[in-house]
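Each remark here refers to the structure printed beneath this line.
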Amino acid sequence: MPADLAVIGLGHLGLPLAQAAVAAGIETVGYAAGPATDTPLTAAEIRRMSAAGFRVTTNAAELGRVRTAVICAPTRLGPDRALDLDAVGEAARALAGRLRPHTTVILESAVHPGVTEDFLRPILEEGSRLRAGRDFHLAYSPSRFDPGNRTHTFTNTPKVIGGLTPACTESAAAFYARLTDKVVRARGLREAETVQLLETNYRHVNIALMNEMAVLCHDLGVDLWDVVRCAETKPYGFQAFRPGPGVGGHGVPLDPNYLPHTTRTPGHPLRMVGLAQEINGRMPQYVIQRSAALLNEHGKSARGARVLLLGVTYKPDLADQEGAPAREIASRLLDLGALISYHDPYIAGWRVRDRPVPRAESLYEAAANADLTILLQQHRTYDLQGLAVKAQLLLDTRGASPVGAAHRL
């Protein structure tokens, strides 16, 4: 059965897009471009999609039967901090051999400016013998899906579109207008790609500022969380961000120093982005320093201390662990000789250094027995007032506990 839409890549970007398309009555097929490393939707949500006609296939031939194909392959930073485009390339090659004239191809993967035109376009044109902008439409749209956000959904979040040509932009805009209330047209591909870059870097830079403020305020004996509470009452010129044990998530900050030579801007690096990465990257170690200091103040050593980690995901009330600082913090605790365990209602099994970490079945009993409990993620199910009473020591890295109930970051 032919479909109107093919979503290529069924991870944290592709599944929510497919869900929105199915809800809008669009016949949708999902192409599994490699194993999905994360599933932002629940099993019940996927069953409802299937009942509404959503199909998953590994048969690339079905990609040649759709009017619109959206590539949602994952991209991550490699060890050299360069963006890994392998999954995008594989998805493009799977589509290219089946691409038909008049198809609209849209990239949603997080990429640096220039990827759609300089990397994706040649693969599609070579494999299909078709010309982008003439035989098929090519566009980029940065994903703005925020997992777990019940206020800003796919429907009421504006969608930015930028095409290779004005006709490409309009074709992509016509597709997204079926899914969202507002479509914003960028001037072109690179402008739309740079929207993704700006939005991601904006988040990381502002979190870095708050992380620096957290360290400063602790040294000064100032309650940062109260400072933020007061500051966010200003009706203009301030947006509240909050510190934490590290920055997780799928959106990674991109520093032009690590972009391909064709897209670098010599002499104009984003120095603030590089500094933000450095600051945010230090936060797991800062959590360790605070933990060791707390134990020491209570006559205990980190070596041999029983440490309970609460919440090992990158975001509250989700099972996604992408980029979460919990694993690095656990690894550093092991280096100090601590005996670690964890609790997370969304993670049934957790490994650090390829070794399983004991999971606390009884939360309050585990907190009472631990020398130190560290809140890394404030899942809604956690009763922080109760935990503060039960725990011998509680370090709250999220500022979620009641004032005076715990030691805050």
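Ligands are numbered from 1 in the order shown, residues from 1 within each chain, and chains are lettered A, B, ... in the order they appear in the structure tokens.
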Report the closest atom pair, with its distance in Å rounded to one decimal, for each residue of range 14-127 of chain A that has an atom no farther than 9 Å from range 133-146 of chain A; count only C-alpha atoms, sort by chain and then rising residue number, and write it as a Markdown table.
```
| residue | atom | partner | partner_atom | distance |
| --- | --- | --- | --- | --- |
| A:Pro16 | CA | A:Phe145 | CA | 7.5 |
| A:Leu17 | CA | A:Phe145 | CA | 8.5 |
| A:Cys72 | CA | A:Ser143 | CA | 9.0 |
| A:Leu99 | CA | A:Phe136 | CA | 8.5 |
| A:Arg100 | CA | A:Phe136 | CA | 7.6 |
| A:Pro101 | CA | A:Asp135 | CA | 5.2 |
| A:His102 | CA | A:Phe136 | CA | 4.6 |
| A:Thr103 | CA | A:Phe136 | CA | 5.2 |
| A:Thr104 | CA | A:His137 | CA | 4.5 |
| A:Val105 | CA | A:Leu138 | CA | 5.0 |
| A:Ile106 | CA | A:Ala139 | CA | 4.8 |
| A:Leu107 | CA | A:Tyr140 | CA | 4.8 |
| A:Glu108 | CA | A:Ser141 | CA | 5.2 |
| A:Ser109 | CA | A:Pro142 | CA | 7.2 |
| A:Ala110 | CA | A:Pro142 | CA | 6.9 |
| A:Val111 | CA | A:Pro142 | CA | 8.8 |
| A:Thr116 | CA | A:Tyr140 | CA | 6.9 |
| A:Glu117 | CA | A:Leu138 | CA | 8.6 |
| A:Arg121 | CA | A:Leu138 | CA | 7.8 |
```
Using N, CA and C atoms, can you export the residues from the last selection as a tab-separated table (two decimals), in the first residue's frame?
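Here's the written file selection.tsv:
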```tsv
chain	number	residue	atom	x	y	z
A	16	PRO	N	8.28	10.98	16.74
A	16	PRO	CA	7.32	12.06	17.00
A	16	PRO	C	6.76	12.68	15.72
A	17	LEU	N	7.59	12.82	14.68
A	17	LEU	CA	7.10	13.33	13.41
A	17	LEU	C	6.06	12.39	12.82
A	72	CYS	N	15.33	11.66	9.22
A	72	CYS	CA	15.47	11.98	10.65
A	72	CYS	C	16.56	11.12	11.27
A	99	LEU	N	14.19	7.30	-5.55
A	99	LEU	CA	13.59	8.62	-5.59
A	99	LEU	C	12.89	8.88	-6.93
A	100	ARG	N	11.66	9.35	-6.86
A	100	ARG	CA	10.88	9.65	-8.06
A	100	ARG	C	10.81	11.15	-8.30
A	101	PRO	N	10.58	11.56	-9.53
A	101	PRO	CA	10.39	13.00	-9.80
A	101	PRO	C	9.24	13.57	-8.99
A	102	HIS	N	9.37	14.84	-8.62
A	102	HIS	CA	8.35	15.61	-7.91
A	102	HIS	C	8.24	15.25	-6.42
A	103	THR	N	9.11	14.37	-5.93
A	103	THR	CA	9.11	14.05	-4.50
A	103	THR	C	9.72	15.22	-3.73
A	104	THR	N	9.20	15.46	-2.54
A	104	THR	CA	9.79	16.47	-1.65
A	104	THR	C	10.62	15.76	-0.60
A	105	VAL	N	11.91	16.08	-0.56
A	105	VAL	CA	12.84	15.48	0.40
A	105	VAL	C	13.23	16.55	1.42
A	106	ILE	N	13.06	16.23	2.70
A	106	ILE	CA	13.34	17.18	3.78
A	106	ILE	C	14.29	16.52	4.77
A	107	LEU	N	15.29	17.26	5.19
A	107	LEU	CA	16.21	16.79	6.23
A	107	LEU	C	15.84	17.47	7.54
A	108	GLU	N	15.69	16.68	8.61
A	108	GLU	CA	15.43	17.23	9.95
A	108	GLU	C	16.57	16.94	10.93
A	109	SER	N	17.51	16.11	10.54
A	109	SER	CA	18.61	15.78	11.44
A	109	SER	C	19.39	17.04	11.82
A	110	ALA	N	19.93	17.06	13.03
A	110	ALA	CA	20.74	18.20	13.48
A	110	ALA	C	22.06	18.19	12.74
A	111	VAL	N	22.31	19.22	11.93
A	111	VAL	CA	23.53	19.28	11.12
A	111	VAL	C	24.07	20.70	11.15
A	116	THR	N	22.94	20.05	3.96
A	116	THR	CA	21.87	19.67	3.03
A	116	THR	C	22.31	19.82	1.58
A	117	GLU	N	22.96	20.94	1.30
A	117	GLU	CA	23.35	21.20	-0.09
A	117	GLU	C	24.65	20.52	-0.48
A	121	ARG	N	22.61	16.63	-0.94
A	121	ARG	CA	22.20	16.81	-2.34
A	121	ARG	C	23.00	15.94	-3.31
```
Next on the checklist: Residues near Asn156 in chain A, anyone? I mean within 10 Å using only C-alpha atoms, not counting same-chain ones fewer than 5 positions away, as a list in words.
Outcome noted: Thr151, Leu179, Thr180, Asp181 and Lys182 of chain A
Would you mind exporting C-alpha atoms of the selected residues as a short mmCIF file (atom, residue, chain, number, x, y, z; two decimals), in the first residue's frame?
```
data_model
loop_
_atom_site.label_atom_id
_atom_site.label_comp_id
_atom_site.auth_asym_id
_atom_site.auth_seq_id
_atom_site.Cartn_x
_atom_site.Cartn_y
_atom_site.Cartn_z
CA THR A 151 2.58 22.68 26.60
CA LEU A 179 0.96 19.19 10.84
CA THR A 180 1.49 22.53 12.55
CA ASP A 181 -0.39 25.78 13.07
CA LYS A 182 2.41 28.02 11.80
#
```
Checklist entry - When DSSP works through the backbone of this structure, what residues of range 190-391 of chain A end up as strand (DSSP E or B), shown as a VMD selection string? => result chain A and resid 306 to 310 339 to 343 351 to 352 355 to 356 359 372 to 375
Checklist entry - Among range 331-404 of chain A, which residues carry a DSSP assignment of helix (DSSP H, G or I), reported as JSON, numbers by chain? => result {"A": [331, 332, 333, 334, 335, 363, 364, 365, 366, 367, 368, 369, 384, 385, 386, 387, 388, 389, 390]}
How would the residues just picked look written out with all heavy atoms as a compact mmCIF listing (two decimals), in the first residue's frame?
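Contents of the output file result.txt:
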```txt
# COMPACT_ATOMS: atom_id res chain seq x y z
N SER A 331 31.10 7.05 37.10
CA SER A 331 32.45 6.59 36.80
C SER A 331 33.48 7.27 37.70
O SER A 331 34.41 6.63 38.22
CB SER A 331 32.77 6.86 35.33
OG SER A 331 34.05 6.40 34.99
N ARG A 332 33.31 8.57 37.93
CA ARG A 332 34.24 9.29 38.80
C ARG A 332 34.10 8.83 40.25
O ARG A 332 35.10 8.78 40.99
CB ARG A 332 34.00 10.79 38.67
CG ARG A 332 34.44 11.36 37.32
CD ARG A 332 34.13 12.86 37.24
NE ARG A 332 34.59 13.44 35.98
CZ ARG A 332 35.78 13.96 35.77
NH1 ARG A 332 36.68 13.96 36.75
NH2 ARG A 332 36.11 14.49 34.61
N LEU A 333 32.90 8.52 40.67
CA LEU A 333 32.71 8.00 42.03
C LEU A 333 33.41 6.66 42.20
O LEU A 333 34.01 6.38 43.24
CB LEU A 333 31.22 7.86 42.33
CG LEU A 333 30.47 9.17 42.62
CD1 LEU A 333 28.96 8.92 42.61
CD2 LEU A 333 30.90 9.77 43.95
N LEU A 334 33.33 5.83 41.17
CA LEU A 334 34.03 4.54 41.21
C LEU A 334 35.53 4.74 41.34
O LEU A 334 36.21 4.01 42.06
CB LEU A 334 33.69 3.71 39.97
CG LEU A 334 32.27 3.16 39.87
CD1 LEU A 334 32.05 2.50 38.51
CD2 LEU A 334 31.98 2.17 40.99
N ASP A 335 36.05 5.75 40.64
CA ASP A 335 37.49 6.04 40.72
C ASP A 335 37.90 6.41 42.15
O ASP A 335 39.03 6.15 42.56
CB ASP A 335 37.85 7.19 39.78
CG ASP A 335 37.82 6.77 38.31
OD1 ASP A 335 37.91 5.56 38.05
OD2 ASP A 335 37.70 7.66 37.45
N LEU A 363 13.19 2.63 47.45
CA LEU A 363 13.85 3.94 47.37
C LEU A 363 14.18 4.49 48.75
O LEU A 363 15.32 4.88 49.02
CB LEU A 363 12.96 4.91 46.61
CG LEU A 363 13.46 6.36 46.51
CD1 LEU A 363 14.85 6.41 45.89
CD2 LEU A 363 12.48 7.20 45.69
N TYR A 364 13.21 4.53 49.65
CA TYR A 364 13.44 5.13 50.96
C TYR A 364 14.44 4.31 51.78
O TYR A 364 15.29 4.87 52.49
CB TYR A 364 12.12 5.27 51.71
CG TYR A 364 11.21 6.31 51.11
CD1 TYR A 364 9.97 5.97 50.58
CD2 TYR A 364 11.60 7.65 51.05
CE1 TYR A 364 9.15 6.92 50.02
CE2 TYR A 364 10.77 8.61 50.48
CZ TYR A 364 9.55 8.24 49.97
OH TYR A 364 8.74 9.20 49.42
N GLU A 365 14.36 3.01 51.68
CA GLU A 365 15.30 2.15 52.42
C GLU A 365 16.71 2.37 51.89
O GLU A 365 17.67 2.46 52.68
CB GLU A 365 14.89 0.69 52.27
CG GLU A 365 15.78 -0.27 53.02
CD GLU A 365 15.35 -1.72 52.86
OE1 GLU A 365 14.18 -1.96 52.50
OE2 GLU A 365 16.19 -2.61 53.07
N ALA A 366 16.85 2.48 50.56
CA ALA A 366 18.17 2.70 49.96
C ALA A 366 18.73 4.06 50.37
O ALA A 366 19.91 4.20 50.67
CB ALA A 366 18.08 2.60 48.44
N ALA A 367 17.87 5.10 50.40
CA ALA A 367 18.33 6.43 50.80
C ALA A 367 18.76 6.45 52.26
O ALA A 367 19.72 7.12 52.64
CB ALA A 367 17.23 7.45 50.55
N ALA A 368 18.04 5.70 53.10
CA ALA A 368 18.38 5.66 54.52
C ALA A 368 19.70 4.94 54.76
O ALA A 368 20.45 5.29 55.68
CB ALA A 368 17.26 4.97 55.30
N ASN A 369 20.01 3.96 53.93
CA ASN A 369 21.23 3.18 54.10
C ASN A 369 22.44 3.82 53.42
O ASN A 369 23.58 3.49 53.75
CB ASN A 369 21.03 1.76 53.54
CG ASN A 369 20.07 0.94 54.38
OD1 ASN A 369 19.96 1.16 55.60
ND2 ASN A 369 19.37 0.00 53.76
N LEU A 384 10.57 14.55 47.28
CA LEU A 384 11.85 15.07 47.76
C LEU A 384 11.80 15.45 49.23
O LEU A 384 12.82 15.37 49.92
CB LEU A 384 12.28 16.26 46.90
CG LEU A 384 12.54 15.90 45.43
CD1 LEU A 384 12.95 17.13 44.64
CD2 LEU A 384 13.60 14.83 45.31
N GLN A 385 10.64 15.84 49.71
CA GLN A 385 10.52 16.15 51.14
C GLN A 385 10.73 14.87 51.95
O GLN A 385 11.47 14.85 52.94
CB GLN A 385 9.15 16.74 51.44
CG GLN A 385 8.95 17.13 52.90
CD GLN A 385 9.73 18.37 53.27
OE1 GLN A 385 9.49 19.45 52.74
NE2 GLN A 385 10.66 18.24 54.21
N GLY A 386 10.09 13.80 51.51
CA GLY A 386 10.25 12.52 52.19
C GLY A 386 11.66 11.98 52.09
O GLY A 386 12.20 11.43 53.06
N LEU A 387 12.27 12.14 50.90
CA LEU A 387 13.64 11.67 50.71
C LEU A 387 14.61 12.42 51.61
O LEU A 387 15.54 11.85 52.17
CB LEU A 387 14.05 11.84 49.25
CG LEU A 387 13.57 10.75 48.28
CD1 LEU A 387 13.79 11.18 46.85
CD2 LEU A 387 14.29 9.44 48.57
N ALA A 388 14.38 13.74 51.75
CA ALA A 388 15.26 14.54 52.60
C ALA A 388 15.20 14.08 54.05
O ALA A 388 16.19 14.16 54.77
CB ALA A 388 14.87 16.01 52.49
N VAL A 389 14.04 13.60 54.45
CA VAL A 389 13.90 13.11 55.82
C VAL A 389 14.61 11.77 55.99
O VAL A 389 15.29 11.52 57.00
CB VAL A 389 12.41 12.98 56.19
CG1 VAL A 389 12.24 12.27 57.54
CG2 VAL A 389 11.75 14.35 56.22
N LYS A 390 14.49 10.91 55.00
CA LYS A 390 15.04 9.55 55.09
C LYS A 390 16.55 9.51 54.85
O LYS A 390 17.27 8.73 55.47
CB LYS A 390 14.35 8.65 54.07
CG LYS A 390 12.87 8.37 54.36
CD LYS A 390 12.72 7.43 55.54
CE LYS A 390 11.26 7.05 55.76
NZ LYS A 390 11.11 6.13 56.91
```
Contacts between range 227-249 of chain A and range 113-208 of chain A, please, where a residue of range 113-208 of chain A counts if it comes within 8 Å (with only C-alpha atoms); show its shortest atom pair and distance in Å to one decimal, rows by chain and ascending number, as a Markdown table.
```
| residue | atom | partner | partner_atom | distance |
| --- | --- | --- | --- | --- |
| A:His204 | CA | A:Val247 | CA | 7.5 |
| A:Asn206 | CA | A:Phe241 | CA | 6.5 |
| A:Ile207 | CA | A:Pro243 | CA | 6.0 |
| A:Ala208 | CA | A:Pro243 | CA | 7.6 |
```
Residue selection dump (C-alpha atoms) as a PDB file, in the first residue's frame:
```pdb
ATOM      1  CA  HIS A 204      24.157  25.526  26.081  1.00  0.00           C
ATOM      2  CA  ASN A 206      22.883  30.071  28.945  1.00  0.00           C
ATOM      3  CA  ILE A 207      23.120  26.849  30.951  1.00  0.00           C
ATOM      4  CA  ALA A 208      26.874  27.422  31.155  1.00  0.00           C
TER       5      ALA A 208
END
```
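Among the candidate residues A:Ala73, A:Ala391, A:Ala406, A:Ala43, the one lying nearest to Leu85 in chain A is A:Ala73, with distances computed using only C-alpha atoms.
Nearest residue to Leu295 in chain A, choosing from A:Ile279, A:Leu308, A:Leu372, A:Ala360 and counting only C-alpha atoms: A:Leu372.
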Item to check | Residues near Trp350 in chain A, cut-off 12 Å, only C-alpha atoms, skip fewer than 5 positions along chain, as a ChimeraX atom specification | outcome: /A:309,311-313,319,321,326-327,330,340-345,355-360
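Among A:Val160, A:Val205, A:Ala51, A:Cys168, the residue with the shortest atom-to-atom distance to Ala186 in chain A, counting only C-alpha atoms, is A:Val160.
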